[in-house]
Amino acid sequence: MEDLQPISFEGIAIDKPIIIAGPCSAETEEQVLGTARELANNGIKIFRAGIWKPRTKPGGFEGIGVEGLPWLKRVKEETGMRTATEVANRAHVEAALDADVDLLWIGARTSANPFAMQEVADAIKESGKDVPVLVKNPVNPDLELWIGALQRIYNAGVRKLGAIHRGFSAYGKHMYRNMPEWRIPIELRRRLPNLPIICDPSHIGGKRELVAPLSQQALDMGFDGLIIESHCDPDCAWSDKSQQVTPEILNFILNTLVLRQENTTTENLTLLRQEIDRLDNDLVEILAKRMQVSRDIGQYKKEHRMPILQAQRYDDIINSRVKQAQEMEMSGEFMRSVFSAIHEESVRQQIEVFNDRLR
Ligand code: PEP
Ligand code: MN
């Protein structure tokens, strides 16, 4: 993808970082226009609003549909902003392009589906329009699937192509709505160095208070822009209310972001070091979880008058981890020492439980 072009539109200059803002969903004409006017007054150039909404379960607000497309046209006419919406099938692409939507993005549930991606790519190609397209990462952390989705759009002739990092689903409760797994967009940057990558802190964080720190983190990591959900009355939003911020708050966030100087010689090293810091942080958190489970086992053994140490179990743990390490290009000896240290600490914690010092 060496011949990619910057995300750009006729008649309007788009500064770096690229900022796209607007509500999760277009709900009413007043909400769309009201939000858009405020955003435009604050200097936003690209307005987002979901017209078709892929919802996890039936019964939620599934988007206003084609009825909302004229509202986006009015946004453009009244404010001069360019407009963006999500497309997931041929009908969406045709309707959005007929209504002169200026940028299309493909959502995380769609980019995970090669059939849908191909249908969207074909429809864009057949439209003959030179529309910029952004492809969100698939919901599952699969870089090849993301790249494949991007390739389908590239093969349809799109050169104003970009990616959106919106985090990855994970089972259970976490501090993020979608796990950032920063190493994946970093690897995407390494694989496709010309591809602009935009961060979506709203869908990663899922909470208003995480928008600012995630945005700063993304800029520090060299992302090319941000797509942020902003609604004139977030508490009353029909979708994603807890992550949307008012245009005023958005303006405050954008004004407090620190733009880093491009410094290509140290940039990669900085990114990699940040990645190491995050991975170490994950390691500590995982170890803490493992110790909690060990203490739960200690409690169980205590209640059932079982001994703490069970030699066969210890051997099984070490041998399986050593084998797994070797399969993953690490030395077995290294893993043996890591797991004997972990096991030693687990036993120590269980002894504490036996002695009633911990639970
Ligand atoms: C959205 O941008 O509102 C959206 C539905 O995003 P995602 O595809 O990232 O879930
Ligand atoms: Mn949303």
# chains A, B, ... in the order shown; residues from 1 in each chain; ligands from 1
>>> residues_around(residues="A:Leu4", least_positions_apart="2", cutoff="12 Å", atoms="only C-alpha atoms", output="mmCIF file with all heavy atoms, in the first residue's frame")
data_model
loop_
_atom_site.group_PDB
_atom_site.id
_atom_site.type_symbol
_atom_site.label_atom_id
_atom_site.label_comp_id
_atom_site.auth_asym_id
_atom_site.auth_seq_id
_atom_site.Cartn_x
_atom_site.Cartn_y
_atom_site.Cartn_z
ATOM 1 N N MET A 1 0.841 -1.209 0.000
ATOM 2 C CA MET A 1 0.000 0.000 0.000
ATOM 3 C C MET A 1 0.869 1.250 0.000
ATOM 4 O O MET A 1 0.739 2.109 0.864
ATOM 5 C CB MET A 1 -0.918 0.003 1.231
ATOM 6 C CG MET A 1 -1.894 -1.158 1.256
ATOM 7 S SD MET A 1 -3.163 -0.882 2.508
ATOM 8 C CE MET A 1 -3.957 -2.476 2.512
ATOM 9 N N GLU A 2 1.748 1.309 -1.013
ATOM 10 C CA GLU A 2 2.705 2.421 -1.001
ATOM 11 C C GLU A 2 2.110 3.700 -1.548
ATOM 12 O O GLU A 2 2.653 4.775 -1.317
ATOM 13 C CB GLU A 2 3.931 2.031 -1.814
ATOM 14 C CG GLU A 2 4.490 0.745 -1.259
ATOM 15 C CD GLU A 2 5.955 0.691 -1.141
ATOM 16 O OE1 GLU A 2 6.606 1.100 -2.101
ATOM 17 O OE2 GLU A 2 6.431 0.231 -0.080
ATOM 18 N N PRO A 6 -3.224 11.038 1.679
ATOM 19 C CA PRO A 6 -3.765 11.498 2.970
ATOM 20 C C PRO A 6 -5.293 11.571 2.938
ATOM 21 O O PRO A 6 -5.882 11.742 1.867
ATOM 22 C CB PRO A 6 -3.174 12.908 3.140
ATOM 23 C CG PRO A 6 -2.218 13.111 2.024
ATOM 24 C CD PRO A 6 -2.380 12.025 1.021
ATOM 25 N N ILE A 7 -5.903 11.429 4.112
ATOM 26 C CA ILE A 7 -7.355 11.614 4.217
ATOM 27 C C ILE A 7 -7.617 13.100 3.947
ATOM 28 O O ILE A 7 -7.142 13.955 4.707
ATOM 29 C CB ILE A 7 -7.837 11.260 5.654
ATOM 30 C CG1 ILE A 7 -7.433 9.834 6.041
ATOM 31 C CG2 ILE A 7 -9.330 11.503 5.814
ATOM 32 C CD1 ILE A 7 -8.058 8.736 5.246
ATOM 33 N N SER A 8 -8.301 13.391 2.865
ATOM 34 C CA SER A 8 -8.497 14.811 2.519
ATOM 35 C C SER A 8 -9.807 14.961 1.770
ATOM 36 O O SER A 8 -10.377 13.977 1.276
ATOM 37 C CB SER A 8 -7.341 15.287 1.642
ATOM 38 O OG SER A 8 -7.334 14.541 0.442
ATOM 39 N N PRO A 132 -12.946 8.906 1.074
ATOM 40 C CA PRO A 132 -12.052 8.344 2.089
ATOM 41 C C PRO A 132 -12.774 7.284 2.931
ATOM 42 O O PRO A 132 -13.959 7.440 3.227
ATOM 43 C CB PRO A 132 -11.687 9.545 2.971
ATOM 44 C CG PRO A 132 -12.086 10.753 2.202
ATOM 45 C CD PRO A 132 -13.208 10.334 1.301
ATOM 46 N N VAL A 133 -12.056 6.241 3.286
ATOM 47 C CA VAL A 133 -12.663 5.142 4.052
ATOM 48 C C VAL A 133 -11.755 4.789 5.240
ATOM 49 O O VAL A 133 -10.542 4.639 5.076
ATOM 50 C CB VAL A 133 -12.859 3.882 3.170
ATOM 51 C CG1 VAL A 133 -13.492 2.748 3.973
ATOM 52 C CG2 VAL A 133 -13.719 4.197 1.947
ATOM 53 N N LEU A 150 -8.689 -4.103 5.384
ATOM 54 C CA LEU A 150 -8.103 -2.914 4.737
ATOM 55 C C LEU A 150 -7.742 -3.215 3.282
ATOM 56 O O LEU A 150 -7.976 -2.396 2.386
ATOM 57 C CB LEU A 150 -6.844 -2.476 5.514
ATOM 58 C CG LEU A 150 -7.129 -1.800 6.867
ATOM 59 C CD1 LEU A 150 -5.939 -1.933 7.812
ATOM 60 C CD2 LEU A 150 -7.477 -0.323 6.659
ATOM 61 N N GLN A 151 -7.205 -4.407 3.055
ATOM 62 C CA GLN A 151 -6.812 -4.771 1.680
ATOM 63 C C GLN A 151 -8.017 -4.825 0.749
ATOM 64 O O GLN A 151 -7.934 -4.444 -0.409
ATOM 65 C CB GLN A 151 -6.101 -6.129 1.676
ATOM 66 C CG GLN A 151 -4.648 -6.012 2.111
ATOM 67 C CD GLN A 151 -4.013 -7.374 2.379
ATOM 68 O OE1 GLN A 151 -4.724 -8.380 2.546
ATOM 69 N NE2 GLN A 151 -2.694 -7.405 2.443
ATOM 70 N N ILE A 153 -10.643 -3.024 0.869
ATOM 71 C CA ILE A 153 -11.023 -1.649 0.500
ATOM 72 C C ILE A 153 -9.961 -1.064 -0.448
ATOM 73 O O ILE A 153 -10.285 -0.412 -1.441
ATOM 74 C CB ILE A 153 -11.177 -0.778 1.776
ATOM 75 C CG1 ILE A 153 -12.260 -1.366 2.693
ATOM 76 C CG2 ILE A 153 -11.508 0.660 1.400
ATOM 77 C CD1 ILE A 153 -13.657 -1.372 2.118
ATOM 78 N N TYR A 154 -8.709 -1.353 -0.150
ATOM 79 C CA TYR A 154 -7.621 -0.872 -1.032
ATOM 80 C C TYR A 154 -7.810 -1.460 -2.438
ATOM 81 O O TYR A 154 -7.715 -0.753 -3.436
ATOM 82 C CB TYR A 154 -6.278 -1.293 -0.431
ATOM 83 C CG TYR A 154 -5.091 -0.901 -1.280
ATOM 84 C CD1 TYR A 154 -4.533 0.369 -1.172
ATOM 85 C CD2 TYR A 154 -4.539 -1.799 -2.204
ATOM 86 C CE1 TYR A 154 -3.454 0.740 -1.958
ATOM 87 C CE2 TYR A 154 -3.465 -1.435 -2.992
ATOM 88 C CZ TYR A 154 -2.919 -0.166 -2.860
ATOM 89 O OH TYR A 154 -1.861 0.198 -3.647
ATOM 90 N N ASN A 155 -8.095 -2.746 -2.496
ATOM 91 C CA ASN A 155 -8.262 -3.402 -3.803
ATOM 92 C C ASN A 155 -9.463 -2.856 -4.571
ATOM 93 O O ASN A 155 -9.550 -3.041 -5.783
ATOM 94 C CB ASN A 155 -8.409 -4.923 -3.635
ATOM 95 C CG ASN A 155 -7.102 -5.549 -3.176
ATOM 96 O OD1 ASN A 155 -6.048 -4.926 -3.265
ATOM 97 N ND2 ASN A 155 -7.175 -6.782 -2.682
ATOM 98 N N GLY A 157 -9.870 0.137 -4.959
ATOM 99 C CA GLY A 157 -9.392 1.385 -5.557
ATOM 100 C C GLY A 157 -9.312 2.553 -4.584
ATOM 101 O O GLY A 157 -8.930 3.651 -4.962
ATOM 102 N N VAL A 158 -9.672 2.310 -3.313
ATOM 103 C CA VAL A 158 -9.641 3.418 -2.345
ATOM 104 C C VAL A 158 -8.188 3.694 -1.959
ATOM 105 O O VAL A 158 -7.457 2.776 -1.555
ATOM 106 C CB VAL A 158 -10.480 3.062 -1.095
ATOM 107 C CG1 VAL A 158 -10.322 4.119 -0.008
ATOM 108 C CG2 VAL A 158 -11.943 2.881 -1.478
ATOM 109 N N ARG A 159 -7.777 4.961 -2.074
ATOM 110 C CA ARG A 159 -6.409 5.334 -1.684
ATOM 111 C C ARG A 159 -6.396 6.252 -0.480
ATOM 112 O O ARG A 159 -5.390 6.366 0.199
ATOM 113 C CB ARG A 159 -5.678 6.002 -2.869
ATOM 114 C CG ARG A 159 -5.416 5.028 -4.026
ATOM 115 C CD ARG A 159 -4.484 3.895 -3.588
ATOM 116 N NE ARG A 159 -4.324 2.860 -4.597
ATOM 117 C CZ ARG A 159 -5.062 1.751 -4.680
ATOM 118 N NH1 ARG A 159 -6.040 1.516 -3.808
ATOM 119 N NH2 ARG A 159 -4.846 0.864 -5.629
ATOM 120 N N LYS A 160 -7.513 6.922 -0.244
ATOM 121 C CA LYS A 160 -7.616 7.722 0.993
ATOM 122 C C LYS A 160 -8.133 6.769 2.060
ATOM 123 O O LYS A 160 -9.319 6.766 2.422
ATOM 124 C CB LYS A 160 -8.562 8.895 0.778
ATOM 125 C CG LYS A 160 -7.968 9.920 -0.186
ATOM 126 C CD LYS A 160 -8.963 10.984 -0.541
ATOM 127 C CE LYS A 160 -8.366 11.866 -1.633
ATOM 128 N NZ LYS A 160 -9.420 12.540 -2.401
ATOM 129 N N LEU A 161 -7.238 5.939 2.508
ATOM 130 C CA LEU A 161 -7.608 4.824 3.382
ATOM 131 C C LEU A 161 -6.947 5.011 4.739
ATOM 132 O O LEU A 161 -5.805 5.494 4.824
ATOM 133 C CB LEU A 161 -7.103 3.530 2.714
ATOM 134 C CG LEU A 161 -7.354 2.205 3.429
ATOM 135 C CD1 LEU A 161 -8.858 1.940 3.567
ATOM 136 C CD2 LEU A 161 -6.709 1.049 2.639
ATOM 137 N N GLY A 162 -7.645 4.657 5.785
ATOM 138 C CA GLY A 162 -7.063 4.734 7.124
ATOM 139 C C GLY A 162 -7.660 3.650 8.001
ATOM 140 O O GLY A 162 -8.620 2.970 7.624
ATOM 141 N N LEU A 192 2.245 -1.571 7.847
ATOM 142 C CA LEU A 192 1.750 -0.646 6.807
ATOM 143 C C LEU A 192 2.114 0.779 7.207
ATOM 144 O O LEU A 192 1.266 1.552 7.685
ATOM 145 C CB LEU A 192 0.231 -0.788 6.649
ATOM 146 C CG LEU A 192 -0.293 -2.173 6.252
ATOM 147 C CD1 LEU A 192 -1.827 -2.219 6.302
ATOM 148 C CD2 LEU A 192 0.175 -2.557 4.845
ATOM 149 N N PRO A 193 3.392 1.158 7.038
ATOM 150 C CA PRO A 193 3.853 2.436 7.591
ATOM 151 C C PRO A 193 3.152 3.666 7.004
ATOM 152 O O PRO A 193 3.104 4.700 7.652
ATOM 153 C CB PRO A 193 5.351 2.471 7.260
ATOM 154 C CG PRO A 193 5.689 1.144 6.684
ATOM 155 C CD PRO A 193 4.446 0.394 6.365
ATOM 156 N N ASN A 194 2.580 3.555 5.803
ATOM 157 C CA ASN A 194 1.926 4.740 5.212
ATOM 158 C C ASN A 194 0.484 4.905 5.629
ATOM 159 O O ASN A 194 -0.159 5.873 5.261
ATOM 160 C CB ASN A 194 1.888 4.623 3.671
ATOM 161 C CG ASN A 194 3.260 4.484 3.115
ATOM 162 O OD1 ASN A 194 4.193 5.065 3.650
ATOM 163 N ND2 ASN A 194 3.397 3.722 2.046
ATOM 164 N N LEU A 195 -0.040 3.936 6.332
ATOM 165 C CA LEU A 195 -1.480 3.948 6.629
ATOM 166 C C LEU A 195 -1.769 4.845 7.843
ATOM 167 O O LEU A 195 -1.233 4.599 8.924
ATOM 168 C CB LEU A 195 -1.933 2.516 6.944
ATOM 169 C CG LEU A 195 -3.415 2.338 7.247
ATOM 170 C CD1 LEU A 195 -4.221 2.336 5.951
ATOM 171 C CD2 LEU A 195 -3.649 1.019 8.007
ATOM 172 N N PRO A 196 -2.609 5.876 7.686
ATOM 173 C CA PRO A 196 -2.965 6.667 8.865
ATOM 174 C C PRO A 196 -3.752 5.808 9.857
ATOM 175 O O PRO A 196 -4.609 5.024 9.438
ATOM 176 C CB PRO A 196 -3.860 7.793 8.322
ATOM 177 C CG PRO A 196 -3.850 7.682 6.842
ATOM 178 C CD PRO A 196 -3.288 6.345 6.461
#
>>> select_by_dssp(residues="stretch 41-174 of chain A", states="helix (DSSP H, G or I)", output="PyMOL selection string")
chain A and resi 41+65-79+90-98+108-111+114-127+143-155
>>> select_by_dssp(residues="stretch 5-221 of chain A", states="strand (DSSP E or B)", output="number ranges by chain")
A: 9, 12, 18-22, 25, 46-48, 50, 82-86, 103-106, 133-136, 161-165, 168, 179, 197-199
>>> atom_distance(atom1="atom 8 (O, counted along the ligand's line) of ligand 1", atom2="atom CA of A:Glu285")
27.9 Å
>>> residues_near_ligand(ligand="ligand 1", cutoff="6 Å", atoms="only C-alpha atoms and all ligand atoms", output="ChimeraX atom specification")
/A:24,50,107-109,166,203
